[in-house]
Amino acid sequence: MVRKLYDLCILAIELNLKHIPKLRINLPGYLRELLLHRLALHNHLSPPHKPYVTYNLFSDSLKHINFSYCTQITDDLFCLLNDCGCKLTSFCLNTSLGFSVEGLANFLLAQDELEILKLKRLHTLSLLDSFEGKIRSTRLSELSFTYCDFMTDKILCSIGLYSKGITKLRLERMKLITDEGVVGLLKQQTEGKLIIFKVYRMFELSGKTLDSFSEFSPKLEQLIIPNCTKVSLLSIYTVLSKCGNLKVLDIPITTNLTGETFGEIISQKWNSLQQLNISGNTIVPETMALLSVAFPNLKKFYFGGTEINNSIFEQLLMNFNGLTTFDCMYCRNADQKTSELISEYCHSLETLAIGAWKLDGEGLLPLFEENRALKLTSIELTGCKNTSPRVLNSLIGNCKNLEVLFLRGINAVDDQTVYDIANNLKQLKKISFRGCTHILLEESLVELILECRMLQMIGFPGLLCVRDRLIYVIADNLFDLEVLYIDGCNYVSSHALDYLRRKTTSTLYIEHKLVGAIHI
């Protein structure tokens, strides 16, 4: 009730900016930033609202601004922000429209104290060379660009002329960024502070980028490069050899884990590595057992989509007895014996993700016994359509500390299962019932929402029982909701979704893609 009262007060201020006297004087800085974020979310930055927003909220005390999913961010708004004298330390712009690249560039030019800069899904902006050299903060430590088609190698290199101490760099779907731009930025990091490098769907990046880490970023701790198919295994070996502090190596669907170079990797010990993701890569089953020798301190292991040999798998798990996260989604040949081995050897598990149509889940029952079940915080069972009700009852009844529960494509999941979850798993933050077609009553889902008030992510795609009433209940009770998947839910109207967006207090992503949906 306290949280709801707080949200109602913020909403009241948001809707009555022009009626509250002395608001500009009495409003603390952090509430100004929160209100700006919410006004952008709800598209309340239009010309009729702008004078009251700028007078009451714009101040030189502003430090953090997050504009997301707003179509009213204009060049004029950026000019007004600069005119108020604010020097931001954090700026995030996500899927917003209404401004030009030149307007954004001029705004960033004045923000020379930025520490965090995140630009996401600005692919509608046109290419403009004048953006080069506009980001001049010498304090920049975290840089994230996602789906920004106006960003080029020259612009990326120009950032490095001023920012020498970047610690986190994330690039995703940047069509015009190549090895030249990334290597150019890394060369300019003379302070050598880069510890996290994440690249997603950057198909043009090759081993040249990775080779530069050994020289310019020896303190690297996290290397995450999924789908970078031009990266060679030799380049990965170089990073492992030169970056002695590397703790996270994520290379799913990147390279074939075979040949002499892979033999060199598994013949040595890499004591610093704690997380390894080799999902979707080709690996010889006989060599998989040697991974436990090469990475003795591994805590999180992901190898979904690879081939399993149970005898080799047993040798691997015998040595990986300290695993806290284990992901074997869609592993070929995974069967009942596979689940039994997981229960037998993984005594410290906190997160489990498994997907195989041959499993009935009976082998996982020891994992869900009362003492061991309390350690589990995340469980994902996908495609295990024959999972028995006994397994589900044990999971729901004993795993009291679960925060994430994905039950996808399981025939035994029905309305009674949903009621049981609502009564037993009050701490859930993420839930998904994708493909569970035996959930027929909207009342069961309503009960789930009313009991699990901490939910941040919901996945109900394809459930025809999802209707407007449920959306209204979600809007009135889930104050931290961030993601809602309701693809295929034909009976949800646009009125209900608009109501949900108006009530939300955070950035909310809704996926409701289908043909023939009701748009009243």
# chains A, B, ... in the order shown; residues from 1 in each chain; ligands from 1

call {"tool": "select_by_dssp", "arguments": {"residues": "region 220-444 of chain A", "states": "helix (DSSP H, G or I)", "output": "MDAnalysis selection string"}}
result
chainID A and resid 233:242 259:266 285:288 291:294 310:319 336:345 362:368 370:373 389:398 415:424 442:444

call {"tool": "residues_around", "arguments": {"residues": "Leu210 (chain A)", "least_positions_apart": "4", "cutoff": "12 Å", "atoms": "only C-alpha atoms", "output": "PDB file with C-alpha atoms, in the first residue's frame"}}
result
ATOM      1  CA  ASP A 179      36.961  -3.309 -36.753  1.00  0.00           C
ATOM      2  CA  GLU A 180      38.521   0.024 -37.667  1.00  0.00           C
ATOM      3  CA  VAL A 182      36.351  -0.334 -32.408  1.00  0.00           C
ATOM      4  CA  VAL A 183      40.129  -0.786 -32.571  1.00  0.00           C
ATOM      5  CA  LEU A 186      40.457   0.934 -27.896  1.00  0.00           C
ATOM      6  CA  PHE A 197      33.099  -5.455 -23.697  1.00  0.00           C
ATOM      7  CA  LYS A 198      29.722  -6.517 -25.101  1.00  0.00           C
ATOM      8  CA  VAL A 199      28.973  -6.813 -28.790  1.00  0.00           C
ATOM      9  CA  LEU A 205      33.750  -7.660 -36.409  1.00  0.00           C
ATOM     10  CA  SER A 206      36.692 -10.052 -36.680  1.00  0.00           C
ATOM     11  CA  SER A 214      45.873  -7.832 -25.210  1.00  0.00           C
ATOM     12  CA  GLU A 215      47.685  -4.563 -25.943  1.00  0.00           C
ATOM     13  CA  PHE A 216      45.215  -1.840 -24.939  1.00  0.00           C
ATOM     14  CA  SER A 217      42.841  -3.472 -22.400  1.00  0.00           C
ATOM     15  CA  PRO A 218      44.767  -6.033 -20.327  1.00  0.00           C
ATOM     16  CA  LEU A 220      39.375  -6.980 -19.370  1.00  0.00           C
ATOM     17  CA  LEU A 223      34.082 -10.534 -23.163  1.00  0.00           C
ATOM     18  CA  ILE A 224      30.607 -11.070 -24.630  1.00  0.00           C
ATOM     19  CA  ILE A 225      30.520 -11.493 -28.433  1.00  0.00           C
ATOM     20  CA  CYS A 228      30.417 -12.691 -34.228  1.00  0.00           C
ATOM     21  CA  LYS A 230      34.224 -13.857 -38.201  1.00  0.00           C
ATOM     22  CA  VAL A 231      36.077 -14.088 -34.889  1.00  0.00           C
ATOM     23  CA  SER A 232      38.605 -16.912 -34.936  1.00  0.00           C
ATOM     24  CA  LEU A 233      39.371 -19.309 -32.123  1.00  0.00           C
ATOM     25  CA  LEU A 234      42.977 -18.104 -32.253  1.00  0.00           C
ATOM     26  CA  SER A 235      41.850 -14.578 -31.348  1.00  0.00           C
ATOM     27  CA  ILE A 236      39.874 -15.927 -28.380  1.00  0.00           C
ATOM     28  CA  TYR A 237      42.957 -17.862 -27.284  1.00  0.00           C
ATOM     29  CA  THR A 238      44.980 -14.625 -27.438  1.00  0.00           C
ATOM     30  CA  VAL A 239      42.481 -12.848 -25.164  1.00  0.00           C
ATOM     31  CA  LEU A 240      42.576 -15.711 -22.667  1.00  0.00           C
ATOM     32  CA  SER A 241      46.378 -15.645 -22.684  1.00  0.00           C
ATOM     33  CA  LYS A 242      46.864 -11.892 -22.324  1.00  0.00           C
ATOM     34  CA  CYS A 243      43.897 -10.844 -20.177  1.00  0.00           C
TER      35      CYS A 243
END

call {"tool": "residues_around", "arguments": {"residues": "Arg24 (chain A)", "least_positions_apart": "3", "cutoff": "9 Å", "atoms": "only C-alpha atoms", "output": "list in words"}}
result
Pro21, Leu27, Pro28, Tyr55, Asn56, Leu57, Phe58 and Ser59 of chain A

call {"tool": "residues_around", "arguments": {"residues": "Ile474 (chain A)", "least_positions_apart": "3", "cutoff": "9 Å", "atoms": "only C-alpha atoms", "output": "list in words"}}
result
Val446, Ile449, Leu450, Arg469, Leu470, Ile471, Asn477, Leu478, Phe479, Leu481 and Leu500 of chain A

call {"tool": "residues_around", "arguments": {"residues": "Cys157 (chain A)", "least_positions_apart": "3", "cutoff": "6 Å", "atoms": "only C-alpha atoms", "output": "PyMOL selection string"}}
result
chain A and resi 154+160+181+184-185

call {"tool": "write_last_selection", "arguments": {"atoms": "C-alpha atoms", "output": "PDB file, in the first residue's frame"}}
result
ATOM      1  CA  LYS A 154      34.934   8.141 -37.420  1.00  0.00           C
ATOM      2  CA  GLY A 160      38.237   8.328 -27.741  1.00  0.00           C
ATOM      3  CA  GLY A 181      36.201   2.013 -35.410  1.00  0.00           C
ATOM      4  CA  GLY A 184      40.546   2.980 -33.007  1.00  0.00           C
ATOM      5  CA  LEU A 185      38.546   3.601 -29.827  1.00  0.00           C
TER       6      LEU A 185
END

call {"tool": "decode", "arguments": {"residues": "region 253-325 of chain A", "atoms": "C-alpha atoms", "output": "mmCIF file, in the first residue's frame"}}
result
data_model
loop_
_atom_site.group_PDB
_atom_site.id
_atom_site.type_symbol
_atom_site.label_atom_id
_atom_site.label_comp_id
_atom_site.auth_asym_id
_atom_site.auth_seq_id
_atom_site.Cartn_x
_atom_site.Cartn_y
_atom_site.Cartn_z
ATOM 1 C CA ILE A 253 27.191 -19.159 -32.166
ATOM 2 C CA THR A 254 30.629 -17.714 -32.832
ATOM 3 C CA THR A 255 33.158 -20.374 -33.753
ATOM 4 C CA ASN A 256 33.806 -24.112 -33.976
ATOM 5 C CA LEU A 257 35.469 -25.438 -30.826
ATOM 6 C CA THR A 258 37.671 -27.890 -32.656
ATOM 7 C CA GLY A 259 41.191 -28.164 -34.028
ATOM 8 C CA GLU A 260 44.664 -27.555 -32.640
ATOM 9 C CA THR A 261 43.897 -24.126 -31.173
ATOM 10 C CA PHE A 262 41.059 -25.526 -29.089
ATOM 11 C CA GLY A 263 43.420 -28.283 -27.984
ATOM 12 C CA GLU A 264 45.820 -25.592 -26.750
ATOM 13 C CA ILE A 265 43.026 -23.915 -24.793
ATOM 14 C CA ILE A 266 41.804 -27.032 -22.981
ATOM 15 C CA SER A 267 45.348 -28.229 -22.281
ATOM 16 C CA GLN A 268 45.931 -25.254 -19.965
ATOM 17 C CA LYS A 269 44.281 -23.959 -16.809
ATOM 18 C CA TRP A 270 42.400 -20.651 -16.813
ATOM 19 C CA ASN A 271 41.738 -20.108 -13.122
ATOM 20 C CA SER A 272 40.149 -16.663 -13.392
ATOM 21 C CA LEU A 273 37.199 -17.659 -15.617
ATOM 22 C CA GLN A 274 33.895 -18.009 -13.743
ATOM 23 C CA GLN A 275 31.329 -17.922 -16.585
ATOM 24 C CA LEU A 276 31.525 -19.707 -19.948
ATOM 25 C CA ASN A 277 28.916 -19.663 -22.710
ATOM 26 C CA ILE A 278 29.557 -21.892 -25.746
ATOM 27 C CA SER A 279 25.924 -22.400 -26.791
ATOM 28 C CA GLY A 280 25.341 -23.219 -30.439
ATOM 29 C CA ASN A 281 28.995 -23.915 -31.219
ATOM 30 C CA THR A 282 30.271 -27.169 -32.690
ATOM 31 C CA ILE A 283 32.249 -29.163 -30.144
ATOM 32 C CA VAL A 284 33.425 -32.745 -30.138
ATOM 33 C CA PRO A 285 31.686 -34.510 -27.190
ATOM 34 C CA GLU A 286 34.891 -36.307 -26.204
ATOM 35 C CA THR A 287 36.659 -33.002 -25.578
ATOM 36 C CA MET A 288 33.841 -31.550 -23.487
ATOM 37 C CA ALA A 289 34.988 -33.395 -20.364
ATOM 38 C CA LEU A 290 38.316 -31.542 -20.558
ATOM 39 C CA LEU A 291 36.565 -28.211 -20.065
ATOM 40 C CA SER A 292 36.357 -28.893 -16.337
ATOM 41 C CA VAL A 293 40.146 -29.247 -16.249
ATOM 42 C CA ALA A 294 40.755 -26.070 -18.262
ATOM 43 C CA PHE A 295 38.266 -23.979 -16.261
ATOM 44 C CA PRO A 296 38.384 -25.378 -12.697
ATOM 45 C CA ASN A 297 36.687 -22.390 -11.007
ATOM 46 C CA LEU A 298 33.690 -22.145 -13.337
ATOM 47 C CA LYS A 299 30.423 -21.156 -11.625
ATOM 48 C CA LYS A 300 28.139 -20.510 -14.618
ATOM 49 C CA PHE A 301 28.099 -22.805 -17.648
ATOM 50 C CA TYR A 302 25.954 -22.444 -20.790
ATOM 51 C CA PHE A 303 26.201 -24.966 -23.615
ATOM 52 C CA GLY A 304 22.726 -25.120 -25.137
ATOM 53 C CA GLY A 305 22.329 -26.574 -28.616
ATOM 54 C CA THR A 306 25.379 -28.820 -28.388
ATOM 55 C CA GLU A 307 25.477 -32.612 -28.517
ATOM 56 C CA ILE A 308 25.414 -34.553 -25.247
ATOM 57 C CA ASN A 309 27.076 -37.867 -24.548
ATOM 58 C CA ASN A 310 25.955 -38.948 -21.072
ATOM 59 C CA SER A 311 29.174 -40.775 -20.179
ATOM 60 C CA ILE A 312 31.240 -37.702 -21.095
ATOM 61 C CA PHE A 313 28.632 -35.473 -19.484
ATOM 62 C CA GLU A 314 29.033 -37.338 -16.202
ATOM 63 C CA GLN A 315 32.801 -36.800 -16.208
ATOM 64 C CA LEU A 316 32.224 -33.105 -16.803
ATOM 65 C CA LEU A 317 29.744 -32.665 -13.966
ATOM 66 C CA MET A 318 31.861 -34.640 -11.504
ATOM 67 C CA ASN A 319 34.500 -31.889 -11.701
ATOM 68 C CA PHE A 320 32.059 -28.981 -12.052
ATOM 69 C CA ASN A 321 30.574 -29.633 -8.625
ATOM 70 C CA GLY A 322 30.498 -25.943 -7.688
ATOM 71 C CA LEU A 323 28.222 -24.778 -10.512
ATOM 72 C CA THR A 324 25.569 -22.247 -9.524
ATOM 73 C CA THR A 325 24.141 -21.709 -13.045
#
